[in-house]
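Since the structure comes first, as structure tokens, the remarks are kept for the end.
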Amino acid sequence: MATRTDATTKIFRVNPDQPEANYIEEAARVLRDGGLVAFPTETVYGLGANIYRPESIKRIYRVKGRPGDNPLIVHLYSIEQVPEVAETIPDSFRILADRFLPGPLTMILPKKQSVPAVVSAGLSTVAIRIPAHPVAVKLLAEAAVPVAAPSANLSGRPSPTLGSHVIDDLQGRVEMILDAGPTGVGVESTVLDLTGERPRILRPGGISLEMLREVLGDTVEAPETLDVERPLAPGMKYRHYAPKAPLLLFHGELSAVEEEICKRLASQVEAEEKVAILTFTESELAKQELPTNVILYSLGSKARPEEAAHNLFRYLRLCDQEGVERIYAVAPPRQGVGEAVYNRLRKAAGGNVVEI
Ligand code: TXA
Ligand code: MG
């Protein structure tokens with residue numbers, strides 16, 4: 001049955017540092033044979049399929065409920081595999097690979113004809129990523145085929161940063177889930193287009209603009225339009241990373257932002273609406289006693305946006321689990337990986353940002 005997406009899912013708890021060889025071998029076999037395997041990367045969990053099995057790639061779209069015009073990232077275990085999927089390899093790729101790979105940087109290059117069109121949703125380019133997580137590295141090496149993998153969530157939901165998130169979304173729909181506990185970075189890789197005149201960030205992520213500019217200089221473009229209105233990566237146009245409750249994002253100085261949140265909170269307290277506030281450890285609100293219908297989640301220190309990156313998606317999913325009806329989020333400073341956190345929050349807010 002061509003449209004069937006259900007499956008019996010094998011779940012393996014894998015040691016993240018020293019993955020068990022028998023689990024890796026079995027998962028690699030499933031991938032090679034055209035099955036779908038969810039696996040951890042250092043950013044978020046991915047849902048992988050062999051790029052040479054177009055039917056399996058199509059199944060990824062069905063299983064996730066992913067729009068057909070949103071291309072997938074091809075995962076490799078080594079730089080040596082790049083010529084298998086890319087038509088040409090510019091110097092900038094080699095320079096950045098030297099510095100940042102394996103790691104949370106995805107680069108777009110001209111696609112080789114031999115990569116099935118469905119992988120890149122018909123585009124002439126291909127997104128390439130060499131992840132650093134030991135489970136991903138071992139799995140990709142053992143599978144020995146390039147693996148297309150979007151984040152392992154149902155389309156529109158926050159990306160999975162725990163094995164349990166993947167199980168919640170995909171159990172019964174894929175052949176295998178490798179659960180190796182929490183991922184590290186917590187937001188997805190940076191997507192950098194190297195096919196234009198200048199390198200251009202299409203999605204901010206684990207490798208920041210500052211880090212890229214340190215290596216390539218100011219030629220790296222980071223368009224202000226990394227937004228819902230004018231998407232660059234096809235995937236950036238969809239409401240995304242979204243909890244069920246409406247989320248309002250506040251950008252500005254922390255104390256002024258929290259004052260504004262408190263004002264708005266009054267009506268929800270009155271209506272006994274369940275509210276979550278996402279803020280930072282420097283928060284004044286965190287020191288106060290809050291009404292019982294208000295939950296406060298601390299993303300970490302404002303000064304260390306890596307903490308917010310690591311925690312963000314887990315808290316967005318917790319909001320759903322707790323039945324939260326409204327979310328107020330404080331934006332992190334837009335520096336380093338803070339830009340990626342800001343971008344995800346802005347998308348979760350459907351573009352609703354209150355500037356204070
Ligand atoms: O960290 C990550 O990148 C994770 C892990 C699993 O590797 N993967 C991930 O994949 O976030 P996904 O499918 O959720 O997001 C891929 C993004 C989308 O915004 C998509 O539009 C963009 O990359 N993309 C993929 N191929 C592209 C291409 N050829 N040109 C432009 N954008 C592309
Ligand atoms: Mg995704």
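Chain labels run A, B, ... following the order of the structure tokens; each chain numbers its residues from 1, and ligands are numbered from 1 in the order shown.
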
Find the nearest atom pair between each residue of chain A and ligand 1 for residues within 6 Å, count only C-alpha atoms and all ligand atoms, give distances in Å to one decimal, sort rows by chain and ascending number, and present the table as CSV.
residue,atom,partner,partner_atom_place_in_ligand_line,distance
A:Thr43,CA,ligand 1,1 (O),4.9
A:Val44,CA,ligand 1,5 (C),5.4
A:Tyr45,CA,ligand 1,6 (C),5.1
A:Gly46,CA,ligand 1,6 (C),3.5
A:Asn70,CA,ligand 1,21 (O),4.8
A:Pro71,CA,ligand 1,26 (N),4.3
A:Leu72,CA,ligand 1,25 (C),4.5
A:Ile73,CA,ligand 1,25 (C),4.9
A:Ile108,CA,ligand 1,29 (N),5.8
A:Ser120,CA,ligand 1,29 (N),5.4
A:Thr125,CA,ligand 1,29 (N),4.5
A:Val126,CA,ligand 1,29 (N),4.2
A:Ala127,CA,ligand 1,26 (N),4.4
A:Ala149,CA,ligand 1,6 (C),5.7
A:Pro150,CA,ligand 1,13 (O),3.3
A:Ser151,CA,ligand 1,14 (O),4.1
A:Glu188,CA,ligand 1,1 (O),3.4
A:Ser189,CA,ligand 1,1 (O),3.7
A:Ala233,CA,ligand 1,32 (N),3.8
A:Pro234,CA,ligand 1,21 (O),4.0
A:Gly235,CA,ligand 1,21 (O),3.4
A:Met236,CA,ligand 1,19 (O),5.0

All helix (DSSP H, G or I) residues (DSSP, backbone) inside stretch 128-277 of chain A, as a PyMOL selection string: chain A and resi 134-143+163-170+209-219+234-237+254-270

A:Arg317 environment, 9 Å, only C-alpha atoms, sequence neighbours closer than 4 positions dropped, as a list in words: Arg157, Pro158, Pro160, His165, Ala242, Pro243, Lys244, Leu312, Phe313, Gln321 and Glu322 of chain A

d(atom CA of A:Ile11, atom CA of A:Leu316) in Å: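 Here the two named atoms are 24.0 Å from each other.
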
Among listed residues A:Ala97, A:Val187, A:Leu105, A:Ala7, nearest ligand 2 (using only C-alpha atoms and all ligand atoms):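 Closest residue, counting only C-alpha atoms and all ligand atoms: A:Val187.
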
Contact residues around A:Ile261 with only C-alpha atoms at 9 Å, ignoring same-chain residues under 3 positions, as an NGL selection string: :A and (250 or 256-258 or 264-266 or 277 or 328-329)

Among the residues A:Val63, A:Thr88, A:Gly103, A:Val147, the one that comes closest to A:Leu31 [using only C-alpha atoms]: A:Val147

For A:Ile130, the nearest of the candidates A:Arg173, A:Leu76, A:Lys112, A:Phe93, counting only C-alpha atoms: A:Leu76

A:Leu216 surroundings by only C-alpha atoms, 9 Å radius, close-in-sequence under 4 positions cut, as a ChimeraX atom specification: /A:92,95-96,199,211-212,220

Would you save the residues of that selection, restricted to N, CA, C and O atoms, as a PDB file, in the first residue's frame?
ATOM      1  N   SER A  92      35.345  28.092  -0.394  1.00  0.00           N
ATOM      2  CA  SER A  92      34.716  28.495   0.874  1.00  0.00           C
ATOM      3  C   SER A  92      34.199  27.266   1.633  1.00  0.00           C
ATOM      4  O   SER A  92      34.280  27.203   2.862  1.00  0.00           O
ATOM      5  N   ILE A  95      37.197  25.620   3.326  1.00  0.00           N
ATOM      6  CA  ILE A  95      37.690  26.432   4.449  1.00  0.00           C
ATOM      7  C   ILE A  95      36.770  26.278   5.666  1.00  0.00           C
ATOM      8  O   ILE A  95      37.220  26.052   6.791  1.00  0.00           O
ATOM      9  N   LEU A  96      35.460  26.365   5.407  1.00  0.00           N
ATOM     10  CA  LEU A  96      34.511  26.259   6.518  1.00  0.00           C
ATOM     11  C   LEU A  96      34.474  24.838   7.080  1.00  0.00           C
ATOM     12  O   LEU A  96      34.350  24.640   8.292  1.00  0.00           O
ATOM     13  N   PRO A 199      28.478  34.140   0.364  1.00  0.00           N
ATOM     14  CA  PRO A 199      27.863  33.159   1.268  1.00  0.00           C
ATOM     15  C   PRO A 199      26.713  33.827   2.018  1.00  0.00           C
ATOM     16  O   PRO A 199      26.858  34.962   2.483  1.00  0.00           O
ATOM     17  N   MET A 211      30.920  33.711  14.081  1.00  0.00           N
ATOM     18  CA  MET A 211      31.904  32.639  13.856  1.00  0.00           C
ATOM     19  C   MET A 211      32.215  32.497  12.367  1.00  0.00           C
ATOM     20  O   MET A 211      33.365  32.319  11.966  1.00  0.00           O
ATOM     21  N   LEU A 212      31.184  32.611  11.527  1.00  0.00           N
ATOM     22  CA  LEU A 212      31.393  32.484  10.077  1.00  0.00           C
ATOM     23  C   LEU A 212      32.222  33.660   9.565  1.00  0.00           C
ATOM     24  O   LEU A 212      33.124  33.491   8.734  1.00  0.00           O
ATOM     25  N   VAL A 220      30.116  37.367   4.381  1.00  0.00           N
ATOM     26  CA  VAL A 220      28.958  36.530   4.761  1.00  0.00           C
ATOM     27  C   VAL A 220      27.731  37.416   4.960  1.00  0.00           C
ATOM     28  O   VAL A 220      27.757  38.356   5.748  1.00  0.00           O
TER      29      VAL A 220
END

In stretch 34-67 of chain A, DSSP strand (DSSP E or B) residues written as a PyMOL selection string: chain A and resi 37-39+46-50

Dump of all heavy atoms for the selected residues, as a PDB file, in the first residue's frame:
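Below you can see selection-v8.pdb, which holds the result:
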ATOM      1  N   VAL A  37      14.792   5.680  10.008  1.00  0.00           N
ATOM      2  CA  VAL A  37      15.426   5.586  11.324  1.00  0.00           C
ATOM      3  C   VAL A  37      15.600   6.981  11.907  1.00  0.00           C
ATOM      4  O   VAL A  37      16.195   7.853  11.268  1.00  0.00           O
ATOM      5  CB  VAL A  37      16.821   4.912  11.223  1.00  0.00           C
ATOM      6  CG1 VAL A  37      17.514   4.901  12.585  1.00  0.00           C
ATOM      7  CG2 VAL A  37      16.704   3.491  10.669  1.00  0.00           C
ATOM      8  N   ALA A  38      15.077   7.207  13.119  1.00  0.00           N
ATOM      9  CA  ALA A  38      15.321   8.473  13.816  1.00  0.00           C
ATOM     10  C   ALA A  38      16.574   8.314  14.672  1.00  0.00           C
ATOM     11  O   ALA A  38      16.745   7.300  15.345  1.00  0.00           O
ATOM     12  CB  ALA A  38      14.122   8.847  14.678  1.00  0.00           C
ATOM     13  N   PHE A  39      17.436   9.312  14.614  1.00  0.00           N
ATOM     14  CA  PHE A  39      18.720   9.225  15.322  1.00  0.00           C
ATOM     15  C   PHE A  39      19.119  10.597  15.874  1.00  0.00           C
ATOM     16  O   PHE A  39      18.694  11.631  15.358  1.00  0.00           O
ATOM     17  CB  PHE A  39      19.814   8.686  14.383  1.00  0.00           C
ATOM     18  CG  PHE A  39      20.059   9.546  13.162  1.00  0.00           C
ATOM     19  CD1 PHE A  39      21.089  10.484  13.163  1.00  0.00           C
ATOM     20  CD2 PHE A  39      19.268   9.430  12.026  1.00  0.00           C
ATOM     21  CE1 PHE A  39      21.330  11.289  12.045  1.00  0.00           C
ATOM     22  CE2 PHE A  39      19.499  10.234  10.905  1.00  0.00           C
ATOM     23  CZ  PHE A  39      20.526  11.166  10.921  1.00  0.00           C
ATOM     24  N   GLY A  46      17.178  13.653  14.096  1.00  0.00           N
ATOM     25  CA  GLY A  46      16.810  13.647  12.687  1.00  0.00           C
ATOM     26  C   GLY A  46      16.049  12.371  12.336  1.00  0.00           C
ATOM     27  O   GLY A  46      16.153  11.362  13.033  1.00  0.00           O
ATOM     28  N   LEU A  47      15.262  12.453  11.252  1.00  0.00           N
ATOM     29  CA  LEU A  47      14.564  11.271  10.747  1.00  0.00           C
ATOM     30  C   LEU A  47      15.171  10.920   9.392  1.00  0.00           C
ATOM     31  O   LEU A  47      14.955  11.629   8.406  1.00  0.00           O
ATOM     32  CB  LEU A  47      13.068  11.546  10.598  1.00  0.00           C
ATOM     33  CG  LEU A  47      12.272  10.405   9.962  1.00  0.00           C
ATOM     34  CD1 LEU A  47      12.345   9.137  10.816  1.00  0.00           C
ATOM     35  CD2 LEU A  47      10.819  10.809   9.757  1.00  0.00           C
ATOM     36  N   GLY A  48      15.953   9.816   9.359  1.00  0.00           N
ATOM     37  CA  GLY A  48      16.766   9.544   8.192  1.00  0.00           C
ATOM     38  C   GLY A  48      16.205   8.512   7.235  1.00  0.00           C
ATOM     39  O   GLY A  48      15.480   7.592   7.627  1.00  0.00           O
ATOM     40  N   ALA A  49      16.555   8.692   5.959  1.00  0.00           N
ATOM     41  CA  ALA A  49      16.307   7.690   4.922  1.00  0.00           C
ATOM     42  C   ALA A  49      17.442   7.741   3.898  1.00  0.00           C
ATOM     43  O   ALA A  49      18.046   8.798   3.678  1.00  0.00           O
ATOM     44  CB  ALA A  49      14.963   7.940   4.228  1.00  0.00           C
ATOM     45  N   ASN A  50      17.709   6.606   3.292  1.00  0.00           N
ATOM     46  CA  ASN A  50      18.706   6.457   2.226  1.00  0.00           C
ATOM     47  C   ASN A  50      18.323   7.339   1.030  1.00  0.00           C
ATOM     48  O   ASN A  50      17.223   7.212   0.493  1.00  0.00           O
ATOM     49  CB  ASN A  50      18.688   4.966   1.845  1.00  0.00           C
ATOM     50  CG  ASN A  50      19.623   4.605   0.721  1.00  0.00           C
ATOM     51  OD1 ASN A  50      20.149   5.474   0.031  1.00  0.00           O
ATOM     52  ND2 ASN A  50      19.808   3.305   0.535  1.00  0.00           N
TER      53      ASN A  50
END

Selected residue, from A:Arg203, A:Arg59, A:Arg346, A:Arg13, that lies nearest to ligand 2 when counting only C-alpha atoms and all ligand atoms: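 Selected residue with least distance to ligand 2: A:Arg203.
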
Atom pair atom CA of A:Val119 / atom CA of A:His75: separation (Å):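 Result for atom CA of A:Val119 versus atom CA of A:His75: 11.5 Å, one decimal.
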
Selection: 9 Å around A:Ser114, only C-alpha atoms, excl. self and same-chain fewer than 6 positions, as a VMD selection string: chain A and resid 52 84 to 85
